[in-house]
Every structure is written in C-alpha cells, then in structure tokens.
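K.L.:
The file below is coords_22.cif, mmCIF, C-alpha atoms:
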```cif
data_final
#
loop_
_atom_site.label_atom_id
_atom_site.label_comp_id
_atom_site.auth_asym_id
_atom_site.auth_seq_id
_atom_site.Cartn_x
_atom_site.Cartn_y
_atom_site.Cartn_z
CA LYS L 831 15.25 4.18 14.99
CA ARG L 832 12.76 1.28 15.04
CA SER L 833 14.45 -0.46 12.12
CA GLU L 834 17.85 -0.10 13.81
CA GLU L 835 16.54 -1.64 17.02
CA LEU L 836 14.96 -4.54 15.14
CA ALA L 837 18.15 -5.15 13.17
CA LYS L 838 20.09 -5.49 16.42
CA GLU L 839 17.53 -7.92 17.82
CA VAL L 840 17.60 -10.23 14.80
CA GLY L 841 21.37 -9.93 14.30
CA ALA L 842 21.22 -8.10 10.97
CA ARG L 843 23.35 -5.26 9.65
CA HIS L 844 21.72 -1.85 9.51
CA MET L 845 22.45 1.18 7.32
CA ASP L 846 20.83 4.62 7.35
CA VAL L 847 20.91 5.82 3.74
CA ARG L 848 19.49 9.24 2.86
CA VAL L 849 18.30 9.90 -0.68
CA ASP L 850 17.74 13.66 -0.35
CA SER L 851 20.56 14.52 -2.74
CA LEU L 852 19.23 12.09 -5.36
CA VAL L 853 15.73 13.57 -5.12
CA ALA L 854 17.15 17.09 -5.42
CA ALA L 855 19.15 16.04 -8.50
CA LEU L 856 16.06 14.68 -10.27
CA VAL L 857 13.98 17.74 -9.40
CA ALA L 858 16.81 19.96 -10.71
CA LEU L 859 16.95 17.92 -13.92
CA PHE L 860 13.21 18.31 -14.44
CA ALA L 861 13.42 22.05 -13.76
CA ALA L 862 16.31 22.47 -16.19
CA VAL L 863 14.38 20.72 -18.98
CA THR L 864 10.91 22.22 -18.40
CA GLY L 865 11.64 25.50 -16.64
CA LYS L 866 9.23 24.51 -13.84
CA LYS L 867 10.01 23.19 -10.37
CA PRO L 868 7.36 20.97 -8.75
CA ARG L 869 6.33 21.65 -5.15
CA PHE L 870 4.64 19.63 -2.42
CA LYS L 871 1.01 20.42 -1.69
CA VAL L 872 1.90 21.95 1.68
CA HIS L 873 4.18 24.37 -0.18
CA GLY L 874 1.48 25.41 -2.64
CA GLY L 875 1.88 22.67 -5.24
CA THR L 876 -0.88 20.88 -7.10
CA ILE L 877 -2.01 17.30 -6.51
CA ALA L 878 -0.04 16.23 -9.60
CA GLU L 879 3.14 17.90 -8.32
CA ASN L 880 2.67 16.44 -4.86
CA LEU L 881 2.21 12.90 -6.16
CA ALA L 882 5.14 13.17 -8.57
CA LEU L 883 7.50 14.27 -5.79
CA GLN L 884 6.38 11.36 -3.64
CA ASN L 885 6.87 8.90 -6.52
CA ILE L 886 10.42 10.16 -7.12
CA GLN L 887 11.36 9.22 -3.58
CA ALA L 888 9.56 5.89 -3.69
CA ARG L 889 11.23 4.83 -6.94
CA LEU L 890 14.65 5.97 -5.79
CA ARG L 891 14.31 3.76 -2.74
CA MET L 892 13.95 0.80 -5.11
CA VAL L 893 16.95 1.80 -7.25
CA VAL L 894 19.16 2.38 -4.20
CA SER L 895 18.06 -0.90 -2.59
CA PHE L 896 19.01 -2.95 -5.65
CA LEU L 897 22.32 -1.08 -6.02
CA PHE L 898 23.33 -1.83 -2.44
CA ALA L 899 22.09 -5.42 -2.65
CA GLN L 900 24.33 -6.00 -5.65
CA LEU L 901 27.46 -4.26 -4.41
CA LEU L 902 27.51 -4.57 -0.61
CA PRO L 903 29.02 -8.09 -0.74
CA TRP L 904 31.79 -6.65 -2.92
CA VAL L 905 32.32 -3.80 -0.44
CA ARG L 906 32.61 -6.32 2.39
CA GLY L 907 34.98 -8.58 0.48
CA GLU L 908 32.34 -11.26 0.07
CA SER L 909 31.07 -13.09 -3.01
CA GLY L 910 27.57 -13.26 -4.46
CA PHE L 911 24.80 -10.73 -4.03
CA LEU L 912 21.89 -10.01 -1.70
CA LEU L 913 18.16 -10.27 -2.32
CA VAL L 914 15.93 -7.24 -1.94
CA LEU L 915 12.89 -7.85 0.26
CA GLY L 916 9.63 -6.01 -0.43
CA SER L 917 7.41 -4.54 2.27
CA ALA L 918 4.02 -3.89 0.63
CA ASN L 919 1.08 -5.77 2.12
CA VAL L 920 -2.11 -7.10 0.53
CA ASP L 921 -4.21 -4.08 1.48
CA GLU L 922 -1.83 -1.61 -0.17
CA ALA L 923 -1.87 -3.71 -3.32
CA LEU L 924 -5.64 -4.10 -3.24
CA ARG L 925 -6.21 -0.36 -2.90
CA GLY L 926 -3.31 0.48 -5.24
CA TYR L 927 -1.71 2.54 -2.48
CA MET L 928 1.79 2.13 -3.84
CA THR L 929 3.90 3.46 -6.68
CA LYS L 930 4.52 1.21 -9.64
CA TYR L 931 8.21 0.18 -9.66
CA ASP L 932 8.91 1.71 -6.28
CA CYS L 933 10.12 0.17 -3.04
CA SER L 934 7.30 -2.36 -3.39
CA SER L 935 9.38 -3.83 -6.25
CA ALA L 936 11.83 -6.40 -4.92
CA ASP L 937 13.13 -9.92 -5.41
CA ILE L 938 10.60 -11.40 -3.01
CA ASN L 939 7.99 -9.96 -0.65
CA PRO L 940 7.55 -11.96 2.60
CA ILE L 941 4.39 -10.06 3.60
CA GLY L 942 2.90 -9.53 0.13
CA GLY L 943 0.15 -12.08 0.76
CA ILE L 944 -0.88 -10.82 4.21
CA SER L 945 -3.36 -8.08 5.11
CA LYS L 946 -2.42 -5.23 7.41
CA VAL L 947 -4.82 -6.45 10.09
CA ASP L 948 -3.31 -9.94 10.12
CA LEU L 949 0.21 -8.53 9.88
CA LYS L 950 -0.30 -6.28 12.93
CA ALA L 951 -1.62 -9.26 14.88
CA PHE L 952 1.48 -11.26 13.91
CA LEU L 953 3.78 -8.40 14.97
CA ARG L 954 2.12 -8.29 18.40
CA TRP L 955 2.55 -12.05 18.70
CA GLY L 956 6.18 -11.84 17.58
CA ALA L 957 6.97 -9.14 20.12
CA ASP L 958 5.68 -11.38 22.91
CA ASN L 959 6.84 -14.79 21.70
CA LEU L 960 9.88 -14.43 19.44
CA GLY L 961 12.08 -12.26 21.63
CA TYR L 962 11.87 -9.19 19.38
CA PRO L 963 10.25 -6.52 21.60
CA SER L 964 10.84 -3.75 19.04
CA LEU L 965 8.11 -5.34 16.89
CA ALA L 966 5.62 -3.87 19.38
CA LYS L 967 6.89 -0.37 18.52
CA VAL L 968 6.61 -1.14 14.81
CA GLU L 969 3.02 -2.33 15.25
CA ALA L 970 2.04 0.70 17.35
CA ALA L 971 3.49 3.27 14.93
CA PRO L 972 0.92 4.99 12.66
CA PRO L 973 1.31 3.57 9.13
CA THR L 974 2.83 6.17 6.83
CA ALA L 975 4.58 6.27 3.48
CA GLU L 976 6.89 9.03 4.82
CA LEU L 977 6.98 10.74 1.45
CA GLU L 978 5.61 14.18 2.34
CA PRO L 979 7.33 16.88 4.43
CA LEU L 980 7.00 16.64 8.21
CA ALA L 981 4.64 18.94 10.08
CA GLU L 982 6.01 22.09 11.69
CA ASN L 983 6.38 20.27 15.01
CA GLY L 984 8.50 17.59 13.36
CA GLU L 985 5.78 14.96 13.51
CA VAL L 986 4.65 12.83 10.57
CA ALA L 987 1.87 14.70 8.76
CA GLN L 988 1.05 11.97 6.22
CA THR L 989 -0.73 8.79 7.30
CA ASP L 990 -1.82 5.90 5.11
CA GLU L 991 -5.46 5.74 6.18
CA VAL L 992 -6.06 9.45 5.62
CA ASP L 993 -4.36 9.23 2.22
CA MET L 994 -6.40 6.20 1.20
CA GLY L 995 -9.74 7.50 2.43
CA MET L 996 -10.44 4.21 4.21
CA THR L 997 -9.09 2.27 7.17
CA TYR L 998 -7.01 -0.89 7.00
CA VAL L 999 -9.79 -2.73 8.84
CA GLU L 1000 -12.24 -1.71 6.10
CA LEU L 1001 -9.74 -2.68 3.42
CA SER L 1002 -9.32 -6.10 4.97
CA VAL L 1003 -13.09 -6.61 4.78
CA PHE L 1004 -13.25 -5.35 1.19
CA GLY L 1005 -10.39 -7.64 0.18
CA ARG L 1006 -11.92 -10.78 1.62
CA LEU L 1007 -15.31 -10.07 0.08
CA ARG L 1008 -13.79 -9.24 -3.30
CA LYS L 1009 -11.38 -12.18 -3.57
CA MET L 1010 -12.79 -14.94 -1.39
CA ALA L 1011 -16.53 -14.22 -1.63
CA ARG L 1012 -16.18 -13.03 -5.26
CA LEU L 1013 -18.45 -10.03 -4.72
CA GLY L 1014 -18.81 -7.12 -7.12
CA PRO L 1015 -19.92 -3.58 -6.22
CA VAL L 1016 -23.67 -4.25 -5.85
CA SER L 1017 -23.40 -7.57 -3.99
CA MET L 1018 -20.71 -6.13 -1.69
CA PHE L 1019 -22.92 -3.17 -0.85
CA GLN L 1020 -25.83 -5.49 -0.07
CA ARG L 1021 -23.63 -7.62 2.19
CA LEU L 1022 -22.02 -4.72 4.05
CA ARG L 1023 -25.22 -2.79 4.40
CA HIS L 1024 -26.39 -5.45 6.84
CA GLN L 1025 -22.96 -6.29 8.26
CA TRP L 1026 -22.20 -2.63 9.10
CA ALA L 1027 -25.79 -1.58 9.88
CA SER L 1028 -24.93 -0.71 13.48
CA MET L 1029 -22.02 1.51 12.43
CA HIS L 1030 -22.99 3.18 9.16
CA SER L 1031 -26.09 4.31 7.28
CA ALA L 1032 -26.89 2.83 3.89
CA SER L 1033 -25.60 5.95 2.14
CA GLU L 1034 -22.34 5.80 4.09
CA VAL L 1035 -21.84 2.15 3.17
CA ALA L 1036 -22.60 3.00 -0.45
CA THR L 1037 -19.97 5.75 -0.42
CA LYS L 1038 -17.35 3.45 1.09
CA VAL L 1039 -18.03 0.61 -1.37
CA LYS L 1040 -18.00 2.93 -4.38
CA ARG L 1041 -14.77 4.57 -3.20
CA PHE L 1042 -13.12 1.18 -2.82
CA PHE L 1043 -14.17 -0.08 -6.26
CA THR L 1044 -13.16 3.18 -7.91
CA TYR L 1045 -9.61 2.86 -6.63
CA TYR L 1046 -9.62 -0.90 -7.16
CA ALA L 1047 -10.41 -0.41 -10.84
CA MET L 1048 -8.06 2.55 -11.19
CA ASN L 1049 -5.07 0.69 -9.76
CA ARG L 1050 -5.72 -2.93 -10.68
CA HIS L 1051 -3.05 -2.68 -13.40
CA LYS L 1052 -0.43 -2.46 -10.67
CA MET L 1053 -1.12 -6.09 -9.78
CA THR L 1054 0.59 -7.18 -13.01
CA THR L 1055 3.95 -5.98 -11.66
CA LEU L 1056 3.70 -7.21 -8.07
CA THR L 1057 6.80 -8.72 -6.53
CA PRO L 1058 6.49 -12.50 -6.00
CA SER L 1059 5.07 -13.05 -2.54
CA TYR L 1060 4.78 -15.75 0.07
CA HIS L 1061 1.09 -16.66 -0.12
CA ALA L 1062 -0.27 -17.23 3.35
CA GLU L 1063 -3.97 -16.53 2.79
CA SER L 1064 -6.68 -16.89 0.15
CA TYR L 1065 -7.39 -13.17 -0.18
CA SER L 1066 -4.26 -12.15 -2.12
CA PRO L 1067 -5.01 -9.95 -5.19
CA ASP L 1068 -1.78 -11.03 -6.94
CA ASP L 1069 -2.63 -10.99 -10.63
CA ASN L 1070 0.20 -13.23 -11.80
CA ARG L 1071 -0.48 -16.44 -9.91
CA HIS L 1072 -3.35 -16.06 -7.50
CA ASP L 1073 -6.09 -13.75 -8.78
CA LEU L 1074 -6.79 -13.97 -12.51
CA ARG L 1075 -9.45 -11.26 -12.71
CA PRO L 1076 -9.04 -8.59 -15.44
CA PHE L 1077 -6.61 -5.78 -14.72
CA LEU L 1078 -8.51 -3.16 -16.73
CA TYR L 1079 -11.90 -1.94 -15.49
CA ASN L 1080 -14.17 1.03 -16.12
CA THR L 1081 -13.42 3.11 -13.02
CA LYS L 1082 -16.91 4.68 -13.12
CA TRP L 1083 -18.74 1.31 -12.79
CA PRO L 1084 -21.83 3.09 -14.30
CA TRP L 1085 -24.48 0.38 -13.92
CA GLN L 1086 -23.18 -0.95 -10.61
CA PHE L 1087 -22.83 2.43 -8.87
CA ALA L 1088 -26.26 3.57 -10.14
CA ARG L 1089 -27.79 0.38 -8.76
CA ILE L 1090 -26.08 0.90 -5.39
CA ASP L 1091 -27.48 4.46 -5.19
CA GLN L 1092 -30.93 3.12 -6.05
CA LEU L 1093 -30.79 0.44 -3.35
CA ALA L 1094 -29.43 2.89 -0.76
CA ALA L 1095 -32.21 5.37 -1.51
CA THR L 1096 -35.08 2.86 -1.47
CA GLY L 1097 -33.90 1.00 1.61
CA LYS L 1098 -33.91 -2.38 -0.10
#
```
Transcribe the structure of this file into structure tokens.

P.N.:
Amino acid sequence: KRSEELAKEVGARHMDVRVDSLVAALVALFAAVTGKKPRFKVHGGTIAENLALQNIQARLRMVVSFLFAQLLPWVRGESGFLLVLGSANVDEALRGYMTKYDCSSADINPIGGISKVDLKAFLRWGADNLGYPSLAKVEAAPPTAELEPLAENGEVAQTDEVDMGMTYVELSVFGRLRKMARLGPVSMFQRLRHQWASMHSASEVATKVKRFFTYYAMNRHKMTTLTPSYHAESYSPDDNRHDLRPFLYNTKWPWQFARIDQLAATGK
C-alpha cells in the first residue's frame, strides 16, 4: 500500500508481484530430494529451517526483480532494459542483517551509504519539503524484513530491531565508532561506557559491544558482495571501495572480549 502511494506521487509505475508460488516450488523441490520439509519457527521449525525459508524469499525477490527489469521494456514495446535499485542501508550491511545475493543485490543502491537514522530523518524532510507525503508513512512504519508469517491478528510479527538484538540508533553509533573513529572492541567499550553511562551499566555496555562485534565479524564477508552505492557519508562499511578492513575475523574475539569483561568487572 505504501509503495503504491509513493509510486503515484513520484509518477512511477507500480506492480504487486507475489512470489508465494515460487517459494512453494522451491520448498517442494527440497522436500522431494531430501524427504524433509522445512518449517518456520512459529510452526515448530528450527532456527536453521526458519532462516533458510526466509532466505528463499529474499533471494527470489532478487531473481524476480532482475527478470522484470530485463523484460518489462519488451512487454511494453520499448527498447533497452531497466536498472534494479537496492534498498539495504549501511546499518543492515554493518550488522550483516541481510541475505547474501538477496534483494540487497542490485545494479545500484541509492541508500547503501546512509544509516537508518539519517535515512529516517531524510524521509521526514522529504515528506514535508518534496511533496511526497507518503514518505511520512514509510518512515513511521516499523522496519521489518517481512519474511516470517504474520501474527494471528494479521499484524507483522517480525521486526528488524528484535531480530538484530540491537536498535538502529545503537547501530548508527557502533558504525561511526568502528569506521570513522577506527575503534576496536576494547576501545569502543571504553568510549561507550562513559558515553552511555546514564543509560546503561558497564556490564550492559559490554554485552552490547560484544554482541555487535560478534555479528560484525560473522557477517563481514557479506561486504565483499555489496551493491555499488552512492556514498554520502564517511561511515560506509563497503569493502570494495570505501572500507578496506579484513573481511575475515575470529568471531569470538578472545583477547578483546576477555579484556572488556575485565574492565567492566573492575570498574576501570
């Protein structure tokens, strides 16, 4: 609904394409080969099953998008082809909250170099100043990947921040400190322990920093396949052109995490 309203405001064509039959076909193929049918977590499935079913949908979005981009001009009697635009922001890339080769894969990503916090601020400004009031609805909607079944009342049960275990505001802080201030786990903990002293205890800050760096290390490899982005800020984690840190890390950060625990416990 929101995308349809925005398309009308900007003068773009809009299509509502459902991929349910494609997802069902892939699940049926897997079941035919293995004799097992994966289920979502809410239906009794494991974490592995739940994630795999989400990734199927995410990757099919990418395949369908490129198919339509290539053939829609032909359908309309036009020449050439269309470009696929990506919609993953800096924070999702930084945390690795995206599927490799999914709908984050595109020809170009206009918002790939912008954090969620800055992006939401821009959407609010655009709603007031660009004549696109539907942007306010987009900004107000709870961020969700929309890859898990809806709740019994029909509402979205999956939200990004719950999935990630951290808020977008926290991610924005982590991203700036990691890229722009060049802080590692210990130095980031020491900085945030004072910066967030009024909100969190030392042990809470330690938990948040360790959680971030665990997922950062676990998913850093995804940066090597990021869609080319418009770079608007200095905090982009894009591995290919903007952030040349390693893409393989020890996810346990043994010395760093032990040092953080020591500092949190001693109060230093």

K.L.:
Compile the contact shell of Cys933 (chain L) as a compact mmCIF listing (two decimals) with C-alpha atoms, in the frame of the given file: residues with an atom at most 8 Å away, counting all atoms listed in the file, same-chain residues fewer than 2 positions apart removed.

P.N.:
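Wrote around36.txt, looks like this:
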```txt
# COMPACT_ATOMS: atom_id res chain seq x y z
CA ALA L 888 9.56 5.89 -3.69
CA ARG L 889 11.23 4.83 -6.94
CA LEU L 890 14.65 5.97 -5.79
CA ARG L 891 14.31 3.76 -2.74
CA MET L 892 13.95 0.80 -5.11
CA GLY L 916 9.63 -6.01 -0.43
CA SER L 917 7.41 -4.54 2.27
CA THR L 929 3.90 3.46 -6.68
CA TYR L 931 8.21 0.18 -9.66
CA SER L 935 9.38 -3.83 -6.25
CA ALA L 936 11.83 -6.40 -4.92
```

K.L.:
Evaluate the PyMOL selection byres ((chain L and resi 946) around 9) on the structure here and hand back the selected residues as a PyMOL selection string.

P.N.:
chain L and resi 919-922+944-945+947-951+998-999+1001-1002

K.L.:
Which polymer residues have any atom within 8 Å of an atom of region 988-997 of chain L, counting only C-alpha atoms, with same-chain residues fewer than 4 positions away left out, as number ranges by chain?

P.N.:
L: 925, 927, 972-978, 980, 1001, 1038

K.L.:
Anything within 12 Å of (-10.0, -2.2, -16.9): list those residues as a ChimeraX atom specification, counting only C-alpha atoms and sticking to the file's coordinates.

P.N.:
/L:1043-1052,1075-1083

K.L.:
What is the CA of Ile938 (chain L) to CA of Gly841 (chain L) distance in Å?

P.N.:
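Separation between CA of Ile938 (chain L) and CA of Gly841 (chain L): 20.4 Å.
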
K.L.:
Name all residues at most 7 Å from region 958-971 of chain L (count only C-alpha atoms; drop same-chain ones fewer than 6 positions away) and give them as a PyMOL selection string.

P.N.:
chain L and resi 832+835-836+839+950

K.L.:
To one decimal in Å, tell me the separation between CA of Pro1015 (chain L) and CA of Ala1094 (chain L).

P.N.:
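We find that CA of Pro1015 (chain L) and CA of Ala1094 (chain L) lie 12.7 Å from each other.
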
K.L.:
Might you spell out which residues the PyMOL selection byres ((chain L and resi 1056) around 8) would select in the displayed file, as a PyMOL selection string?

P.N.:
chain L and resi 934-935+1052-1055+1057-1058+1068-1070

K.L.:
Counting all atoms listed in the file, which residue out of L:Ala1095, L:Gly1014, L:Gly943, L:His1061 sits closest to Glu1034 (chain L)?

P.N.:
L:Ala1095

K.L.:
Can you tell me how far CA of Leu915 (chain L) sits from CA of Asp937 (chain L), in Å to one decimal?

P.N.:
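CA of Asp937 (chain L) lies at a distance of 6.0 Å from CA of Leu915 (chain L).
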
K.L.:
Using all atoms listed in the file, which of the listed residues (L:Asp932, L:Asp850, L:Asp1091, L:Glu834) sits closest to Ser895 (chain L)?

P.N.:
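Of the candidates, the smallest distance to Ser895 (chain L) is held by L:Asp932.
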
K.L.:
May I have the residues within 12 Å of Ala1032 (chain L) as a PyMOL selection string, using only C-alpha atoms and disregarding those fewer than 4 positions away in the same chain?

P.N.:
chain L and resi 1019-1028+1036-1039+1090-1098

K.L.:
Would you write out those residues with C-alpha atoms, as a JSON list (two decimals), in the coordinates of the input?

P.N.:
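Below is the file that was written, result21.json:
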```json
[["chain", "number", "residue", "atom", "x", "y", "z"],
["L", 1019, "PHE", "CA", -22.92, -3.17, -0.85],
["L", 1020, "GLN", "CA", -25.83, -5.49, -0.07],
["L", 1021, "ARG", "CA", -23.63, -7.62, 2.19],
["L", 1022, "LEU", "CA", -22.02, -4.72, 4.05],
["L", 1023, "ARG", "CA", -25.22, -2.79, 4.40],
["L", 1024, "HIS", "CA", -26.39, -5.45, 6.84],
["L", 1025, "GLN", "CA", -22.96, -6.29, 8.26],
["L", 1026, "TRP", "CA", -22.20, -2.63, 9.10],
["L", 1027, "ALA", "CA", -25.79, -1.58, 9.88],
["L", 1028, "SER", "CA", -24.93, -0.71, 13.48],
["L", 1036, "ALA", "CA", -22.60, 3.00, -0.45],
["L", 1037, "THR", "CA", -19.97, 5.75, -0.42],
["L", 1038, "LYS", "CA", -17.35, 3.45, 1.09],
["L", 1039, "VAL", "CA", -18.03, 0.61, -1.37],
["L", 1090, "ILE", "CA", -26.08, 0.90, -5.39],
["L", 1091, "ASP", "CA", -27.48, 4.46, -5.19],
["L", 1092, "GLN", "CA", -30.93, 3.12, -6.05],
["L", 1093, "LEU", "CA", -30.79, 0.44, -3.35],
["L", 1094, "ALA", "CA", -29.43, 2.89, -0.76],
["L", 1095, "ALA", "CA", -32.21, 5.37, -1.51],
["L", 1096, "THR", "CA", -35.08, 2.86, -1.47],
["L", 1097, "GLY", "CA", -33.90, 1.00, 1.61],
["L", 1098, "LYS", "CA", -33.91, -2.38, -0.10]]
```

K.L.:
Quick one: axis-aligned box around all listed atoms of region 963-974 of chain L, 6 Å on every side, centre and edge lengths in Å to one decimal, written as AutoDock Vina command-line options.

P.N.:
```
--center_x 5.9 --center_y -0.2 --center_z 14.2 --size_x 21.9 --size_y 24.7 --size_z 26.8
```

K.L.:
When you count only C-alpha atoms, which of these residues is closest to Leu902 (chain L): L:Met845, L:Ala837, L:Leu1007, L:Ala918?

P.N.:
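Among the listed residues, L:Met845 lies closest to Leu902 (chain L).
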
K.L.:
Report as number ranges by chain all protein, DNA and RNA residues lying within 9 Å of Ala882 (chain L), evaluated on all atoms listed in the file, omitting residues in the same chain fewer than 4 positions from it.

P.N.:
L: 868, 870, 877-878, 886-887

K.L.:
Counting only C-alpha atoms, figure out which residue out of L:Ala923, L:Ala861, L:Ala854, L:Leu953 gets nearest to Pro1067 (chain L).

P.N.:
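That would be L:Ala923, the residue with the smallest distance to Pro1067 (chain L).
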
K.L.:
Hey, which of L:Arg1008, L:Phe1087, L:Val1016, L:Val893 ends up closest to Val849 (chain L)? Count only C-alpha atoms.

P.N.:
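Closest to Val849 (chain L) of all the choices is L:Val893.
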